[in-house]
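Shown next: upload.txt, containing compact mmCIF, C-alpha atoms and all ligand atoms.
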```
# COMPACT_ATOMS: atom_id res chain seq x y z
CA MET A 87 -28.78 -5.48 4.33
CA GLY A 88 -26.85 -3.02 2.17
CA ARG A 89 -23.15 -2.34 1.87
CA ILE A 90 -21.88 0.97 3.16
CA TYR A 91 -19.18 3.09 1.54
CA ASN A 92 -16.04 2.13 3.46
CA PHE A 93 -13.32 4.80 3.48
CA SER A 94 -11.02 2.84 5.79
CA ALA A 95 -7.26 3.18 5.28
CA GLY A 96 -6.84 -0.56 5.60
CA PRO A 97 -8.03 -3.23 5.76
CA ALA A 98 -10.14 -1.57 3.14
CA VAL A 99 -12.90 -1.91 0.58
CA LEU A 100 -12.54 -4.79 -1.89
CA PRO A 101 -14.33 -5.12 -5.25
CA GLU A 102 -17.84 -6.45 -4.79
CA GLU A 103 -17.41 -8.76 -7.77
CA VAL A 104 -14.45 -10.42 -6.05
CA LEU A 105 -16.32 -10.88 -2.78
CA LYS A 106 -19.30 -12.40 -4.59
CA GLU A 107 -17.12 -14.79 -6.54
CA ALA A 108 -15.31 -15.86 -3.38
CA ALA A 109 -18.67 -16.40 -1.68
CA GLU A 110 -19.85 -18.58 -4.54
CA GLU A 111 -16.69 -20.66 -4.37
CA MET A 112 -16.65 -20.91 -0.59
CA LEU A 113 -17.96 -24.46 -0.25
CA ASP A 114 -16.67 -25.91 -3.49
CA TYR A 115 -13.75 -24.30 -5.31
CA ASN A 116 -13.77 -25.25 -8.97
CA GLY A 117 -15.18 -28.77 -8.43
CA TYR A 118 -12.54 -29.73 -5.83
CA GLY A 119 -15.31 -30.16 -3.24
CA MET A 120 -13.68 -27.89 -0.68
CA SER A 121 -12.91 -24.27 0.06
CA VAL A 122 -9.50 -22.82 -0.79
CA MET A 123 -9.16 -22.36 2.99
CA GLU A 124 -9.24 -26.11 3.43
CA MET A 125 -6.86 -27.30 0.76
CA SER A 126 -3.20 -28.22 0.98
CA HIS A 127 -0.84 -25.52 -0.18
CA ARG A 128 0.97 -28.36 -2.02
CA SER A 129 -2.14 -29.37 -3.97
CA LYS A 130 -2.52 -29.01 -7.73
CA ALA A 131 -5.42 -26.66 -7.16
CA PHE A 132 -3.42 -24.26 -5.02
CA GLU A 133 -0.40 -24.51 -7.27
CA GLY A 134 -2.68 -23.24 -10.03
CA ILE A 135 -3.93 -20.39 -7.85
CA ILE A 136 -0.51 -19.08 -6.78
CA ASN A 137 1.07 -19.49 -10.22
CA GLU A 138 -1.77 -17.68 -11.90
CA ALA A 139 -1.68 -14.90 -9.28
CA GLU A 140 2.01 -14.37 -9.95
CA LYS A 141 1.50 -14.46 -13.71
CA ASP A 142 -1.28 -11.88 -13.58
CA LEU A 143 0.67 -9.59 -11.25
CA ARG A 144 3.72 -9.79 -13.53
CA GLU A 145 1.55 -8.89 -16.48
CA LEU A 146 -0.23 -6.02 -14.72
CA MET A 147 2.96 -4.42 -13.39
CA ASN A 148 5.11 -5.42 -16.34
CA ILE A 149 7.63 -7.04 -13.97
CA PRO A 150 10.85 -8.01 -15.75
CA ASP A 151 12.15 -11.60 -15.58
CA ASN A 152 15.10 -10.62 -13.41
CA TYR A 153 12.74 -9.77 -10.54
CA LYS A 154 11.27 -12.38 -8.17
CA VAL A 155 7.72 -12.04 -6.90
CA LEU A 156 7.13 -13.34 -3.38
CA PHE A 157 3.89 -13.75 -1.44
CA LEU A 158 4.87 -13.59 2.23
CA GLN A 159 3.39 -13.01 5.69
CA GLY A 160 4.21 -10.79 8.65
CA GLY A 161 2.70 -7.55 7.40
CA ALA A 162 4.52 -4.66 5.82
CA SER A 163 6.04 -4.00 9.26
CA GLN A 164 8.02 -7.22 9.13
CA GLN A 165 9.67 -5.98 5.95
CA PHE A 166 11.03 -3.05 7.98
CA ALA A 167 13.36 -5.68 9.50
CA ALA A 168 13.68 -8.08 6.56
CA VAL A 169 14.99 -5.32 4.28
CA PRO A 170 18.04 -4.39 6.40
CA MET A 171 18.67 -7.99 7.43
CA ASN A 172 18.93 -9.06 3.80
CA LEU A 173 20.30 -5.95 2.11
CA MET A 174 22.65 -4.25 4.58
CA LYS A 175 25.93 -5.73 3.37
CA ASN A 176 27.88 -2.59 4.36
CA LYS A 177 25.51 -2.01 7.26
CA VAL A 178 24.62 1.41 5.89
CA ALA A 179 21.33 2.61 4.42
CA ASP A 180 19.73 5.99 3.72
CA TYR A 181 16.13 6.66 4.70
CA ILE A 182 13.81 9.47 3.60
CA ILE A 183 11.35 10.20 6.37
CA THR A 184 7.97 11.27 5.00
CA GLY A 185 5.70 9.94 7.71
CA GLN A 186 5.16 7.44 10.44
CA TRP A 187 5.68 4.32 8.35
CA ALA A 188 8.97 5.55 6.91
CA LYS A 189 10.05 6.52 10.41
CA LYS A 190 9.20 3.10 11.79
CA ALA A 191 11.18 1.45 9.00
CA TYR A 192 14.11 3.76 9.77
CA GLN A 193 13.96 3.00 13.49
CA GLU A 194 13.90 -0.72 12.76
CA ALA A 195 16.94 -0.40 10.47
CA LEU A 196 18.85 1.34 13.29
CA ILE A 197 18.78 -1.98 15.15
CA TYR A 198 20.82 -3.61 12.39
CA GLY A 199 23.20 -0.99 11.11
CA LYS A 200 23.86 2.63 10.36
CA ALA A 201 20.61 4.04 9.07
CA ASN A 202 20.84 7.68 8.00
CA ALA A 203 17.80 9.95 7.84
CA ILE A 204 18.92 11.92 4.78
CA ALA A 205 15.72 13.96 4.34
CA SER A 206 12.50 14.50 6.23
CA SER A 207 9.24 16.42 6.07
CA ALA A 208 8.64 16.19 9.84
CA ASP A 209 9.08 20.00 10.11
CA LYS A 210 5.63 20.53 8.56
CA THR A 211 3.81 17.48 9.94
CA PHE A 212 4.71 15.41 6.87
CA SER A 213 2.42 17.51 4.66
CA TYR A 214 4.82 17.45 1.70
CA ILE A 215 7.49 15.34 0.00
CA PRO A 216 11.02 16.79 0.29
CA ASP A 217 13.05 17.63 -2.79
CA CYS A 218 14.94 14.40 -3.49
CA SER A 219 16.83 15.43 -6.61
CA ASP A 220 20.23 15.86 -4.97
CA LEU A 221 20.35 14.26 -1.54
CA PRO A 222 23.51 13.45 0.42
CA ILE A 223 23.40 9.75 -0.46
CA SER A 224 26.03 7.87 1.54
CA GLU A 225 28.93 6.49 -0.43
CA GLU A 226 28.57 3.06 1.23
CA ALA A 227 24.75 2.97 1.33
CA ASP A 228 23.37 -0.48 0.53
CA TYR A 229 20.05 1.07 -0.49
CA VAL A 230 17.89 4.19 -0.29
CA TYR A 231 14.51 3.72 1.36
CA ILE A 232 11.19 5.48 0.77
CA CYS A 233 7.55 5.04 1.67
CA GLU A 234 6.05 6.01 -1.68
CA ASN A 235 2.51 6.80 -0.58
CA ASN A 236 2.07 8.03 2.97
CA THR A 237 -1.20 6.53 4.12
CA ILE A 238 -1.58 8.66 7.24
CA TYR A 239 -0.60 12.06 5.82
CA GLY A 240 -1.90 11.65 2.27
CA THR A 241 1.28 12.48 0.35
CA LYS A 242 2.80 10.64 -2.58
CA TYR A 243 6.11 10.89 -4.43
CA LYS A 244 5.42 12.17 -7.96
CA THR A 245 9.08 11.71 -8.89
CA LEU A 246 11.29 9.04 -7.41
CA PRO A 247 14.40 10.19 -5.55
CA ASN A 248 17.71 10.38 -7.31
CA THR A 249 19.49 7.55 -5.49
CA LYS A 250 22.79 8.20 -7.30
CA GLY A 251 23.01 4.60 -8.40
CA LYS A 252 22.02 2.95 -5.11
CA PRO A 253 19.13 0.45 -5.15
CA LEU A 254 15.78 2.01 -4.28
CA VAL A 255 13.67 0.15 -1.70
CA ALA A 256 10.06 1.28 -1.58
CA ASP A 257 7.06 0.58 0.61
CA LEU A 258 4.09 0.64 -1.78
CA SER A 259 1.54 -0.65 0.73
CA SER A 260 -1.00 2.07 0.04
CA CYS A 261 -0.46 2.67 -3.67
CA ILE A 262 0.48 -0.64 -5.29
CA LEU A 263 -1.55 -1.27 -8.46
CA SER A 264 -3.14 2.20 -8.32
CA GLU A 265 -1.21 3.29 -11.43
CA PRO A 266 1.53 1.95 -13.71
CA ILE A 267 5.07 2.11 -12.37
CA ASP A 268 8.45 1.32 -13.88
CA VAL A 269 9.62 -1.65 -11.81
CA THR A 270 13.15 -1.36 -13.20
CA LYS A 271 13.59 1.85 -11.20
CA TYR A 272 13.40 -0.16 -7.97
CA GLY A 273 15.64 -2.71 -6.30
CA LEU A 274 12.92 -3.92 -4.00
CA ILE A 275 9.22 -3.15 -3.66
CA PHE A 276 7.05 -4.42 -0.87
CA ALA A 277 3.40 -3.93 0.00
CA GLY A 278 1.01 -5.21 2.61
CA VAL A 279 -2.01 -6.11 0.49
CA GLN A 280 -4.79 -5.02 2.85
CA LYS A 281 -5.40 -1.69 1.14
CA ASN A 282 -5.43 -2.08 -2.62
CA VAL A 283 -5.18 -5.81 -3.18
CA GLY A 284 -6.72 -8.19 -0.69
CA PRO A 285 -7.25 -9.27 2.90
CA ALA A 286 -4.65 -8.61 5.62
CA GLY A 287 -2.08 -11.38 5.97
CA VAL A 288 -0.24 -11.23 2.65
CA VAL A 289 2.77 -9.09 1.78
CA ILE A 290 3.96 -8.87 -1.79
CA VAL A 291 7.71 -8.50 -2.29
CA ILE A 292 9.15 -7.76 -5.73
CA ILE A 293 12.92 -7.99 -5.61
CA ARG A 294 15.67 -7.73 -8.21
CA GLU A 295 17.55 -11.02 -8.38
CA ASP A 296 21.00 -9.61 -7.74
CA LEU A 297 19.80 -8.36 -4.34
CA ILE A 298 18.89 -11.89 -3.25
CA SER A 299 21.75 -13.74 -1.59
CA GLU A 300 22.77 -16.15 1.18
CA ASP A 301 24.77 -13.32 2.64
CA THR A 302 22.32 -11.90 5.20
CA LEU A 303 23.04 -10.42 8.62
CA PRO A 304 24.15 -13.21 11.01
CA ALA A 305 21.01 -13.56 13.14
CA THR A 306 18.52 -13.38 10.27
CA PRO A 307 15.73 -15.91 10.91
CA THR A 308 15.19 -18.41 8.10
CA MET A 309 11.67 -17.06 7.61
CA LEU A 310 13.02 -13.59 6.89
CA LYS A 311 15.46 -14.65 4.19
CA TYR A 312 14.40 -13.62 0.71
CA LYS A 313 16.58 -16.38 -0.76
CA ILE A 314 14.66 -19.12 1.08
CA HIS A 315 11.32 -17.78 -0.17
CA ALA A 316 12.58 -17.16 -3.70
CA ASP A 317 14.14 -20.65 -3.98
CA ASN A 318 10.89 -22.19 -2.75
CA LYS A 319 8.57 -20.01 -4.83
CA SER A 320 6.84 -18.65 -1.71
CA LEU A 321 6.09 -22.22 -0.56
CA TYR A 322 8.92 -22.76 1.94
CA ASN A 323 6.24 -23.08 4.59
CA THR A 324 2.45 -22.75 4.52
CA PRO A 325 1.74 -19.43 2.81
CA PRO A 326 -1.33 -17.26 3.53
CA ALA A 327 -3.17 -19.36 0.98
CA TYR A 328 -6.68 -17.93 1.13
CA GLY A 329 -5.35 -14.37 1.05
CA ILE A 330 -3.26 -15.15 -2.03
CA TYR A 331 -6.37 -16.58 -3.69
CA ILE A 332 -8.27 -13.32 -3.08
CA CYS A 333 -5.29 -11.26 -4.32
CA GLY A 334 -5.39 -13.36 -7.49
CA LYS A 335 -9.04 -12.49 -7.97
CA VAL A 336 -8.30 -8.78 -7.49
CA PHE A 337 -5.52 -9.00 -10.12
CA LYS A 338 -8.08 -10.44 -12.56
CA TRP A 339 -10.57 -7.71 -11.59
CA ILE A 340 -7.97 -5.03 -12.39
CA LYS A 341 -7.15 -6.72 -15.70
CA ASN A 342 -10.84 -6.76 -16.59
CA MET A 343 -11.08 -3.07 -15.68
CA GLY A 344 -8.39 -2.36 -18.29
CA GLY A 345 -5.18 -2.71 -16.27
CA LEU A 346 -3.14 -0.07 -14.48
CA GLU A 347 -3.59 2.73 -17.04
CA ALA A 348 -7.35 2.42 -16.59
CA MET A 349 -6.94 2.23 -12.82
CA LYS A 350 -4.90 5.40 -12.86
CA ALA A 351 -7.51 7.27 -14.92
CA ARG A 352 -10.27 6.07 -12.61
CA ASN A 353 -8.29 6.99 -9.48
CA GLU A 354 -7.45 10.44 -10.85
CA LYS A 355 -11.09 11.04 -11.64
CA LYS A 356 -12.18 10.01 -8.15
CA ALA A 357 -9.48 12.06 -6.40
CA LYS A 358 -10.27 15.13 -8.52
CA ILE A 359 -13.90 15.11 -7.42
CA LEU A 360 -12.83 15.28 -3.80
CA TYR A 361 -9.86 17.66 -4.16
CA ASP A 362 -11.82 20.07 -6.40
CA TYR A 363 -14.50 20.29 -3.78
CA LEU A 364 -11.96 20.74 -0.95
CA ASP A 365 -10.19 23.54 -2.85
CA GLN A 366 -13.31 25.69 -2.99
CA SER A 367 -14.91 24.70 0.32
CA LYS A 368 -15.29 27.36 3.00
CA LEU A 369 -15.51 24.77 5.75
CA PHE A 370 -13.17 21.91 4.84
CA LYS A 371 -9.49 22.18 4.05
CA GLY A 372 -7.06 19.64 2.60
CA THR A 373 -3.90 19.29 4.69
CA VAL A 374 -1.32 18.48 2.02
CA VAL A 375 0.56 20.68 -0.49
CA LYS A 376 -1.14 20.30 -3.85
CA GLU A 377 1.81 18.92 -5.82
CA ASP A 378 2.28 16.01 -3.44
CA ARG A 379 -1.31 14.91 -2.98
CA SER A 380 -2.02 11.20 -2.87
CA LEU A 381 -4.65 9.66 -5.13
CA MET A 382 -5.41 7.11 -2.43
CA ASN A 383 -5.61 8.85 0.94
CA VAL A 384 -7.20 12.28 1.28
CA PRO A 385 -6.92 13.95 4.71
CA PHE A 386 -8.98 17.04 5.48
CA VAL A 387 -10.02 19.14 8.48
CA THR A 388 -12.52 21.79 9.48
CA GLY A 389 -10.11 23.31 11.99
CA ASP A 390 -12.50 22.58 14.84
CA ALA A 391 -12.10 19.19 16.55
CA ASN A 392 -15.72 19.14 17.75
CA LEU A 393 -17.02 19.83 14.26
CA ASP A 394 -14.72 17.12 12.88
CA ALA A 395 -16.19 14.63 15.35
CA LYS A 396 -19.72 15.70 14.43
CA PHE A 397 -18.92 15.21 10.75
CA VAL A 398 -17.55 11.72 11.27
CA LYS A 399 -20.57 10.74 13.34
CA GLU A 400 -23.14 12.11 10.91
CA ALA A 401 -21.31 10.67 7.91
CA LYS A 402 -21.42 7.25 9.50
CA ALA A 403 -25.15 7.58 10.03
CA ALA A 404 -25.41 8.39 6.30
CA GLY A 405 -23.57 5.19 5.30
CA LEU A 406 -20.11 6.78 4.83
CA GLU A 407 -17.86 4.96 7.26
CA ASN A 408 -14.32 5.10 8.65
CA LEU A 409 -13.70 8.74 7.83
CA LYS A 410 -11.93 9.57 11.10
CA GLY A 411 -8.35 10.70 10.55
CA HIS A 412 -5.43 8.72 11.96
CA ARG A 413 -5.20 9.05 15.72
CA THR A 414 -1.91 10.95 15.42
CA VAL A 415 -3.30 13.56 13.01
CA GLY A 416 -6.97 14.07 13.87
CA GLY A 417 -9.53 15.47 11.44
CA MET A 418 -10.77 13.27 8.63
CA ARG A 419 -9.25 11.00 6.03
CA ALA A 420 -11.01 9.44 3.07
CA SER A 421 -9.14 6.47 1.66
CA ILE A 422 -10.32 5.94 -1.89
CA TYR A 423 -8.42 2.88 -3.03
CA ASN A 424 -8.93 1.08 -6.36
CA ALA A 425 -12.09 -0.69 -5.22
CA MET A 426 -13.89 2.46 -4.02
CA PRO A 427 -16.49 3.19 -6.69
CA ILE A 428 -16.86 6.69 -8.11
CA GLU A 429 -20.36 6.75 -6.64
CA GLY A 430 -18.80 6.44 -3.17
CA VAL A 431 -16.71 9.58 -3.68
CA GLU A 432 -19.71 11.43 -5.16
CA ALA A 433 -21.81 10.42 -2.17
CA LEU A 434 -19.09 11.69 0.17
CA VAL A 435 -18.84 15.06 -1.59
CA ASP A 436 -22.64 15.45 -1.64
CA PHE A 437 -22.66 14.77 2.08
CA MET A 438 -19.82 17.27 2.68
CA LYS A 439 -21.70 19.96 0.75
CA LYS A 440 -24.79 19.41 2.85
CA PHE A 441 -22.73 19.43 6.05
CA GLU A 442 -21.03 22.64 4.98
CA GLU A 443 -24.37 24.34 4.36
CA GLU A 444 -25.66 23.29 7.76
CA ASN A 445 -22.55 24.12 9.76
CA LEU A 446 -20.88 27.14 8.26
N1 LIG A 501 3.43 0.88 5.39
C1 LIG A 501 2.38 1.64 5.06
C2 LIG A 501 2.53 2.67 3.98
C3 LIG A 501 1.16 1.46 5.72
O1 LIG A 501 0.11 2.22 5.40
C4 LIG A 501 1.05 0.46 6.71
C5 LIG A 501 -0.23 0.14 7.43
N2 LIG A 501 -1.23 0.97 7.43
C6 LIG A 501 2.19 -0.28 7.04
C7 LIG A 501 3.36 -0.06 6.34
C8 LIG A 501 2.15 -1.35 8.09
O2 LIG A 501 1.50 -2.44 7.58
P1 LIG A 501 1.21 -3.76 8.40
O3 LIG A 501 0.13 -3.43 9.37
O4 LIG A 501 0.81 -4.74 7.35
O5 LIG A 501 2.47 -4.15 9.09
```
Kindly transcribe the structure held in the file into structure tokens.
Ligand code: PMP
Amino acid sequence: MGRIYNFSAGPAVLPEEVLKEAAEEMLDYNGYGMSVMEMSHRSKAFEGIINEAEKDLRELMNIPDNYKVLFLQGGASQQFAAVPMNLMKNKVADYIITGQWAKKAYQEALIYGKANAIASSADKTFSYIPDCSDLPISEEADYVYICENNTIYGTKYKTLPNTKGKPLVADLSSCILSEPIDVTKYGLIFAGVQKNVGPAGVVIVIIREDLISEDTLPATPTMLKYKIHADNKSLYNTPPAYGIYICGKVFKWIKNMGGLEAMKARNEKKAKILYDYLDQSKLFKGTVVKEDRSLMNVPFVTGDANLDAKFVKEAKAAGLENLKGHRTVGGMRASIYNAMPIEGVEALVDFMKKFEEENL
């Protein structure tokens, strides 16, 4: 039985080395005589796992000491509520709407306070990132919110917005660890790990200490309070222990690959293979303005829904899976996260060339 090339947007491909290692340790982790799935989250063994995961993540992302790293549950979607509940002191926040996930976060924030949509790319089906150099940031805004890489539409901020001194909150679910970032530019970063880091069930939150406080909105559940999780080092309750263990292995895999600079170079190389082909193809067309293209998610279309469906079906038969575009967009989307090997992208482009010859 062979592995296919999995272009899913998430849960997504993980490094084979990590999966093999996890398989080897399944019955007996490190001489403890049990799987990580079976051990107490208060055990010495797990303490080692979570501490090392945090240490490696801090090193990879160069996270300053005045930021807490939390490993939580509830998906990225739960952060859409946790962010306003914890951060909306003035009950005002500014949102930049660059796709469905940003919009969902904005709609969630409206439940808790005055969320302002200060910019949007909805006018052109979210195919670009708006100019964010001089936005009407609200005087009383508690934070400015972005979704940095738009998984569905395949756009990515190349420059962060000018928040005019307000803390920047960013959803990095589909680009975390794909390239180096300057953590000090953010007040809070969160990411569901099921794309670039690990199995679904873990959310990483990186939050500047001064944004953590007891002073949350009145009905904030204990489990959504950053302070509770920070004070308890992500062990207030049972954390998603096995998921954290796999994330830790992926952090080590990235370190072994040369860290985030190396990841960036590899991701740029992979994306270039696909975008270069798309730019000269007579059949396929990328859907995003060039300057704002994501390195992680690459949507493309033929312009003919039947031909798109045929492509997805034949690609699957050729071992290239999950290429169907998001149900709200149609067409195709290749997600080429960190763990997608270059050979996978080459195989996809070879297949596209053949399909183009046969169907033009
Ligand atoms: N934000 C982004 C950028 C996403 O791509 C996704 C999921 N695809 C989400 C948030 C929602 O994540 P979850 O399913 O973990 O709630």
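With only C-alpha atoms and all ligand atoms as the atoms that count, the minimum distance from ligand LIG 501 (chain A) to the choices A:Asn282, A:Ser163, A:Ser299, A:Thr414 is reached by A:Ser163.
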Pick out the residues no farther than 9 Å from ligand LIG 501 (chain A), counting only C-alpha atoms and all ligand atoms, and list them as a count of residues only.
38
Nearest residue to Lys399 of chain A out of A:Glu432, A:Leu297, A:Asp151, A:Phe441, using only C-alpha atoms?
A:Phe441
List the spatial neighbours of segment 369-374 of chain A as a PyMOL selection string - criterion: any atom at most 8 Å away, all atoms listed in the file, same-chain residues fewer than 6 positions off excluded.
chain A and resi 213-214+239-241+361+384-389+442+446
Within-9 Å shell of (-20.5, 15.0, 5.6) in input frame, all atoms listed in the file, as a VMD selection string
chain A and resid 396 to 402 404 406 434 to 442
Long-range neighbours of Thr184 of chain A as a PyMOL selection string, 7 Å cut-off, only C-alpha atoms, 2 positions minimum in chain:
chain A and resi 182+188+206-208+212+215
Which neighbours of Ile422 of chain A fall inside 10 Å, counting all atoms listed in the file, when residues of the same chain fewer than 3 positions from it are skipped, and could you give them as JSON, numbers by chain?
{"A": [91, 92, 93, 94, 95, 98, 99, 281, 282, 353, 356, 357, 360, 380, 381, 382, 383, 384, 419, 425, 426, 427, 428, 430, 431]}
